[in-house]
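> Below you will find the structure I want to go over with you.
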Amino acid sequence: MDYKHTPVLLNEVLEWLKVNHGIYVDATVGGGGYAGKILEILGSAGSLIGIDCDQDALNYTSKYLSQYYNKQLKLIKGNFSDILNILKKMEVNEIQGIIFDLGISSYQVDFAPRGFSFRADAPLDMRMDQTQKLTAKDLINELSKEELSRILRDYGQEHYARKIAGLIIQERGKKIIKTTRELAEIAERAVRYKKKIHPATKTFQALRIAVNKELENLSLGLENALKVLAKNGRILVISYHSLEDKIVKQFFNKYSGRCICSPGLIICQCNPQKKLKVLTKKPIAPAKEEILINPRARSAKLRVACKI
Ligand SMILES: C[S@@+](CC[C@H](N)C(=O)[O-])C[C@H]1O[C@@H](n2cnc3c(N)ncnc32)[C@H](O)[C@@H]1O
């Protein structure tokens, strides 16, 4: 299948990244939607490092941006949580700006064999990095009822978490659950939403987050990116659900000197520091026109901060 992904909030990203000169990082380069434009603006004044954990994305982008590839554009297969090691190996000490466009690409959702979608029947995979060992099938067939229900509740905010987990245990007692269709049918049996979302939506979101350790990687990626960001360098993050956005917001608050401890705590434990200036008081959302053209943009939120 062709690699297709429409970049979200493209104009806003270019405006807020303030591309000027030096080394920039696209931590989730995907299909190179931002990368191509950043390179165009940079010209010969700098270079871009594009990271992605999905080899399919890198294969596509190395061709799509072949005029820059291995010149101003270096593509690295890796996890953005590992950015310090990635940059160290490249002998890069400081970067002028970084963008994280979180979650999965349209290609990953739409290409059925990747197993991210309940709309097609495929092996229960859901790995962004296909060299990773752990798949969704492993979690579904090996975790306890308590662990499954915690994942569905915490990562999917699924009201029917225990019921779905119970049905998973029941069904896998008869035979191994191997496909997206089998899992979607279990969710369909357990869930009675009034809202117009597919009953398996939250189950699939939760599992995907767990398989790819998305929230842990985000926290690490942000902390590590801050260590290599130059003074006045900008960090941009686009999130697509409230769990991601909460991590970004708390990270920005903590490093702009605000305490993020829960209100009940008498002594602060979060150790706030003043390293960032938050530039977006409220997150930037796509305009209606963009959502009309690209409905997948509808939940996007862009937050921007600058190193001080
Ligand atoms: C929303 S897409 C990015 C699309 C990109 N902005 C574009 O214009 O094509 C997210 C990409 O980030 C990658 N990704 C997600 N989490 C990652 C992580 N922790 N480390 C490296 N890549 C990651 C995914 O494989 C996917 O290709």
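Chain lettering (A, B, ...) mirrors the order of the structure tokens, residue numbering begins at 1 for each chain separately, and ligand numbering begins at 1 in order of display.
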Per DSSP on the backbone, what are the helix (DSSP H, G or I) residues of region 9-164 of chain A, as a PyMOL selection string?
chain A and resi 10-17+33-45+55-64+80-89+106-110+112-114+136-142+145-156+161-164
> Kindly save the residues from that selection, with C-alpha atoms included, as a PDB file, in the first residue's frame.

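File out18.pdb, as written:
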ATOM      1  CA  LEU A  10       1.228  22.199   8.819  1.00  0.00           C
ATOM      2  CA  ASN A  11       1.097  26.006   8.505  1.00  0.00           C
ATOM      3  CA  GLU A  12       0.944  26.426  12.269  1.00  0.00           C
ATOM      4  CA  VAL A  13       3.934  24.103  12.768  1.00  0.00           C
ATOM      5  CA  LEU A  14       6.009  26.069  10.264  1.00  0.00           C
ATOM      6  CA  GLU A  15       4.960  29.382  11.783  1.00  0.00           C
ATOM      7  CA  TRP A  16       5.731  28.365  15.396  1.00  0.00           C
ATOM      8  CA  LEU A  17       8.933  26.409  14.731  1.00  0.00           C
ATOM      9  CA  GLY A  33       4.996  16.183   5.549  1.00  0.00           C
ATOM     10  CA  TYR A  34       6.668  18.696   7.876  1.00  0.00           C
ATOM     11  CA  ALA A  35      10.205  17.623   6.997  1.00  0.00           C
ATOM     12  CA  GLY A  36       9.939  18.618   3.317  1.00  0.00           C
ATOM     13  CA  LYS A  37       8.666  22.109   4.175  1.00  0.00           C
ATOM     14  CA  ILE A  38      11.231  22.622   6.950  1.00  0.00           C
ATOM     15  CA  LEU A  39      14.036  21.671   4.539  1.00  0.00           C
ATOM     16  CA  GLU A  40      12.634  24.021   1.902  1.00  0.00           C
ATOM     17  CA  ILE A  41      12.721  26.938   4.374  1.00  0.00           C
ATOM     18  CA  LEU A  42      16.156  25.970   5.748  1.00  0.00           C
ATOM     19  CA  GLY A  43      17.823  25.787   2.348  1.00  0.00           C
ATOM     20  CA  SER A  44      21.558  25.534   2.899  1.00  0.00           C
ATOM     21  CA  ALA A  45      21.340  27.238   6.325  1.00  0.00           C
ATOM     22  CA  GLN A  55      10.875   1.497   8.882  1.00  0.00           C
ATOM     23  CA  ASP A  56       7.987   1.839   6.356  1.00  0.00           C
ATOM     24  CA  ALA A  57       7.845   5.580   7.089  1.00  0.00           C
ATOM     25  CA  LEU A  58      11.600   5.983   6.633  1.00  0.00           C
ATOM     26  CA  ASN A  59      11.618   3.993   3.388  1.00  0.00           C
ATOM     27  CA  TYR A  60       8.911   6.229   1.978  1.00  0.00           C
ATOM     28  CA  THR A  61      10.400   9.510   3.197  1.00  0.00           C
ATOM     29  CA  SER A  62      13.896   8.717   1.948  1.00  0.00           C
ATOM     30  CA  LYS A  63      12.392   8.489  -1.557  1.00  0.00           C
ATOM     31  CA  TYR A  64       9.879  11.321  -1.197  1.00  0.00           C
ATOM     32  CA  PHE A  80      12.412   9.470  20.187  1.00  0.00           C
ATOM     33  CA  SER A  81      12.772   8.547  23.868  1.00  0.00           C
ATOM     34  CA  ASP A  82      16.341   7.641  22.907  1.00  0.00           C
ATOM     35  CA  ILE A  83      17.080  11.040  21.348  1.00  0.00           C
ATOM     36  CA  LEU A  84      20.156  11.692  23.499  1.00  0.00           C
ATOM     37  CA  ASN A  85      21.910   8.557  22.229  1.00  0.00           C
ATOM     38  CA  ILE A  86      20.756   9.165  18.667  1.00  0.00           C
ATOM     39  CA  LEU A  87      22.213  12.675  18.646  1.00  0.00           C
ATOM     40  CA  LYS A  88      25.366  11.646  20.519  1.00  0.00           C
ATOM     41  CA  LYS A  89      26.135   9.051  17.833  1.00  0.00           C
ATOM     42  CA  SER A 106      -2.875   7.427   8.541  1.00  0.00           C
ATOM     43  CA  TYR A 107      -0.758   4.864   6.720  1.00  0.00           C
ATOM     44  CA  GLN A 108      -0.362   2.811   9.889  1.00  0.00           C
ATOM     45  CA  VAL A 109      -4.132   2.854  10.576  1.00  0.00           C
ATOM     46  CA  ASP A 110      -5.173   2.264   6.974  1.00  0.00           C
ATOM     47  CA  ALA A 112      -4.704  -3.442   7.472  1.00  0.00           C
ATOM     48  CA  PRO A 113      -1.799  -5.877   8.093  1.00  0.00           C
ATOM     49  CA  ARG A 114      -0.404  -3.498  10.724  1.00  0.00           C
ATOM     50  CA  ALA A 136      -1.188  -6.707  20.849  1.00  0.00           C
ATOM     51  CA  LYS A 137      -1.845 -10.435  20.534  1.00  0.00           C
ATOM     52  CA  ASP A 138       0.678 -11.089  23.349  1.00  0.00           C
ATOM     53  CA  LEU A 139      -1.013  -8.595  25.676  1.00  0.00           C
ATOM     54  CA  ILE A 140      -4.524  -9.869  24.925  1.00  0.00           C
ATOM     55  CA  ASN A 141      -3.607 -13.503  25.466  1.00  0.00           C
ATOM     56  CA  GLU A 142      -1.140 -13.201  28.339  1.00  0.00           C
ATOM     57  CA  LYS A 145      -7.915  -9.738  33.891  1.00  0.00           C
ATOM     58  CA  GLU A 146      -6.778  -6.975  36.294  1.00  0.00           C
ATOM     59  CA  GLU A 147      -3.942  -5.850  34.016  1.00  0.00           C
ATOM     60  CA  LEU A 148      -6.173  -5.854  30.932  1.00  0.00           C
ATOM     61  CA  SER A 149      -8.859  -3.932  32.699  1.00  0.00           C
ATOM     62  CA  ARG A 150      -6.328  -1.360  33.974  1.00  0.00           C
ATOM     63  CA  ILE A 151      -5.014  -0.820  30.427  1.00  0.00           C
ATOM     64  CA  LEU A 152      -8.526  -0.405  29.010  1.00  0.00           C
ATOM     65  CA  ARG A 153      -9.514   1.968  31.805  1.00  0.00           C
ATOM     66  CA  ASP A 154      -6.317   4.038  32.048  1.00  0.00           C
ATOM     67  CA  TYR A 155      -5.368   4.238  28.368  1.00  0.00           C
ATOM     68  CA  GLY A 156      -8.796   3.962  26.735  1.00  0.00           C
ATOM     69  CA  ALA A 161     -13.105  -2.055  30.948  1.00  0.00           C
ATOM     70  CA  ARG A 162     -13.811  -4.884  33.425  1.00  0.00           C
ATOM     71  CA  LYS A 163     -16.586  -6.348  31.284  1.00  0.00           C
ATOM     72  CA  ILE A 164     -14.399  -6.389  28.159  1.00  0.00           C
TER      73      ILE A 164
END
> Would you list the residues that come within 9 Å of ligand 1? Count only C-alpha atoms and all ligand atoms and give the answer as a count of residues only.
57
> Quick one: distance from CA of Gln250 (chain A) to CA of Val278 (chain A) in Å, one decimal?
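Computing the Euclidean distance for CA of Gln250 (chain A) and CA of Val278 (chain A) yields 11.3 Å.
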> Mind dumping a table of every region 160-263 of chain A residue within 8 Å of region 304-307 of chain A, with the nearest atom pair and its distance in Å to one decimal, using only C-alpha atoms, sorted by chain and rising number, as a tab-separated table?

residue	atom	partner	partner_atom	distance
A:Leu226	CA	A:Lys307	CA	7.7
A:Leu229	CA	A:Lys307	CA	6.9
A:Ala230	CA	A:Lys307	CA	6.8
A:Lys231	CA	A:Lys307	CA	5.2
A:Asn232	CA	A:Lys307	CA	4.9
A:Gly233	CA	A:Lys307	CA	5.5
A:Arg234	CA	A:Cys306	CA	4.4
A:Ile235	CA	A:Ala305	CA	5.4
A:Leu236	CA	A:Val304	CA	4.5
A:Val237	CA	A:Val304	CA	6.6
A:Phe252	CA	A:Ala305	CA	7.1
> Pick out the residues sitting within 12 Å of Arg189 (chain A), and hand them over as JSON, numbers by chain; count only C-alpha atoms, and ignore anything fewer than 6 positions along from it in its own chain.
{"A": [160, 163, 164, 165, 166, 167, 168, 171, 182, 183, 198, 199, 200]}
> Would you export the selected residues with N, CA and C atoms as a compact mmCIF listing (two decimals), in the first residue's frame, please?

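Just written: result.txt:
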# COMPACT_ATOMS: atom_id res chain seq x y z
N TYR A 160 -16.46 0.33 30.16
CA TYR A 160 -16.76 -1.11 30.25
C TYR A 160 -15.49 -1.97 30.36
N LYS A 163 -15.72 -5.43 32.05
CA LYS A 163 -16.59 -6.35 31.28
C LYS A 163 -15.84 -6.87 30.05
N ILE A 164 -15.15 -5.97 29.35
CA ILE A 164 -14.40 -6.39 28.16
C ILE A 164 -13.27 -7.34 28.57
N ALA A 165 -12.56 -6.98 29.65
CA ALA A 165 -11.45 -7.84 30.11
C ALA A 165 -11.99 -9.23 30.47
N GLY A 166 -13.14 -9.28 31.12
CA GLY A 166 -13.75 -10.56 31.50
C GLY A 166 -14.06 -11.40 30.27
N LEU A 167 -14.62 -10.76 29.25
CA LEU A 167 -14.96 -11.49 28.02
C LEU A 167 -13.70 -11.97 27.29
N ILE A 168 -12.65 -11.15 27.35
CA ILE A 168 -11.38 -11.56 26.71
C ILE A 168 -10.87 -12.83 27.38
N GLU A 171 -13.06 -15.80 26.31
CA GLU A 171 -12.86 -16.23 24.91
C GLU A 171 -11.49 -16.87 24.70
N GLU A 182 -11.71 -10.56 15.82
CA GLU A 182 -12.12 -11.28 17.04
C GLU A 182 -12.19 -10.33 18.23
N LEU A 183 -11.20 -9.44 18.33
CA LEU A 183 -11.18 -8.51 19.47
C LEU A 183 -12.33 -7.50 19.34
N HIS A 198 -17.59 3.67 17.41
CA HIS A 198 -17.58 2.21 17.32
C HIS A 198 -17.23 1.61 18.69
N PRO A 199 -17.91 0.54 19.11
CA PRO A 199 -17.67 -0.03 20.44
C PRO A 199 -16.22 -0.45 20.69
N ALA A 200 -15.45 -0.68 19.63
CA ALA A 200 -14.07 -1.13 19.84
C ALA A 200 -13.05 0.02 19.85
> Find the residues around Val25 (chain A) up to 8 Å (only C-alpha atoms counted), leave out those fewer than 3 positions away in its own chain, and share them as a ChimeraX atom specification.
/A:48-51,95,97-99
> Just want the 10 Å neighbourhood of Lys288 (chain A), counted on only C-alpha atoms, with same-chain residues fewer than 6 positions away dropped. Output as JSON, numbers by chain.
{"A": [294, 295, 297, 298]}
> At what distance in Å, to one decimal, does CA of Ser219 (chain A) lie from CA of Thr280 (chain A)?
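One can read the CA of Thr280 (chain A) to CA of Ser219 (chain A) distance as 19.3 Å.
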> Need the shell around Lys274 (chain A): protein/DNA/RNA residues with any atom at most 10 Å away, counting only C-alpha atoms. Skip same-chain ones fewer than 2 positions apart. Format as a PyMOL selection string?
chain A and resi 252-258+272+276-277+307-308
> Please produce a file of the residues just selected, as a PDB file, in the first residue's frame, where the atoms kept are C-alpha atoms.

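File written: selection14.pdb
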ATOM      1  CA  PHE A 252       5.554  22.574  30.077  1.00  0.00           C
ATOM      2  CA  ASN A 253       4.206  23.713  33.463  1.00  0.00           C
ATOM      3  CA  LYS A 254       6.953  21.972  35.422  1.00  0.00           C
ATOM      4  CA  TYR A 255       9.751  23.498  33.349  1.00  0.00           C
ATOM      5  CA  SER A 256       8.197  26.943  33.342  1.00  0.00           C
ATOM      6  CA  GLY A 257       8.526  26.899  37.114  1.00  0.00           C
ATOM      7  CA  ARG A 258       4.990  25.877  38.098  1.00  0.00           C
ATOM      8  CA  PRO A 272       9.665  22.705  39.176  1.00  0.00           C
ATOM      9  CA  LEU A 276      11.009  26.946  29.349  1.00  0.00           C
ATOM     10  CA  LYS A 277       8.714  29.777  28.412  1.00  0.00           C
ATOM     11  CA  LYS A 307      14.019  27.279  25.992  1.00  0.00           C
ATOM     12  CA  ILE A 308      15.163  30.167  28.182  1.00  0.00           C
TER      13      ILE A 308
END
> For each of A:Leu134, A:Ile247, A:Ala184, A:Ile291, take the minimum atom-to-atom distance to Phe204 (chain A), counting only C-alpha atoms, then give the residue where this is smallest.
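Distance minimum relative to Phe204 (chain A) lands on A:Ala184.
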> Per DSSP on the backbone, what are the strand (DSSP E) residues of region 82-132 of chain A, as an MDAnalysis selection string?
chainID A and resid 95:101
> May I ask for the distance between CA of Pro286 (chain A) and CA of Leu9 (chain A), given in Å to one decimal place?
6.0 Å
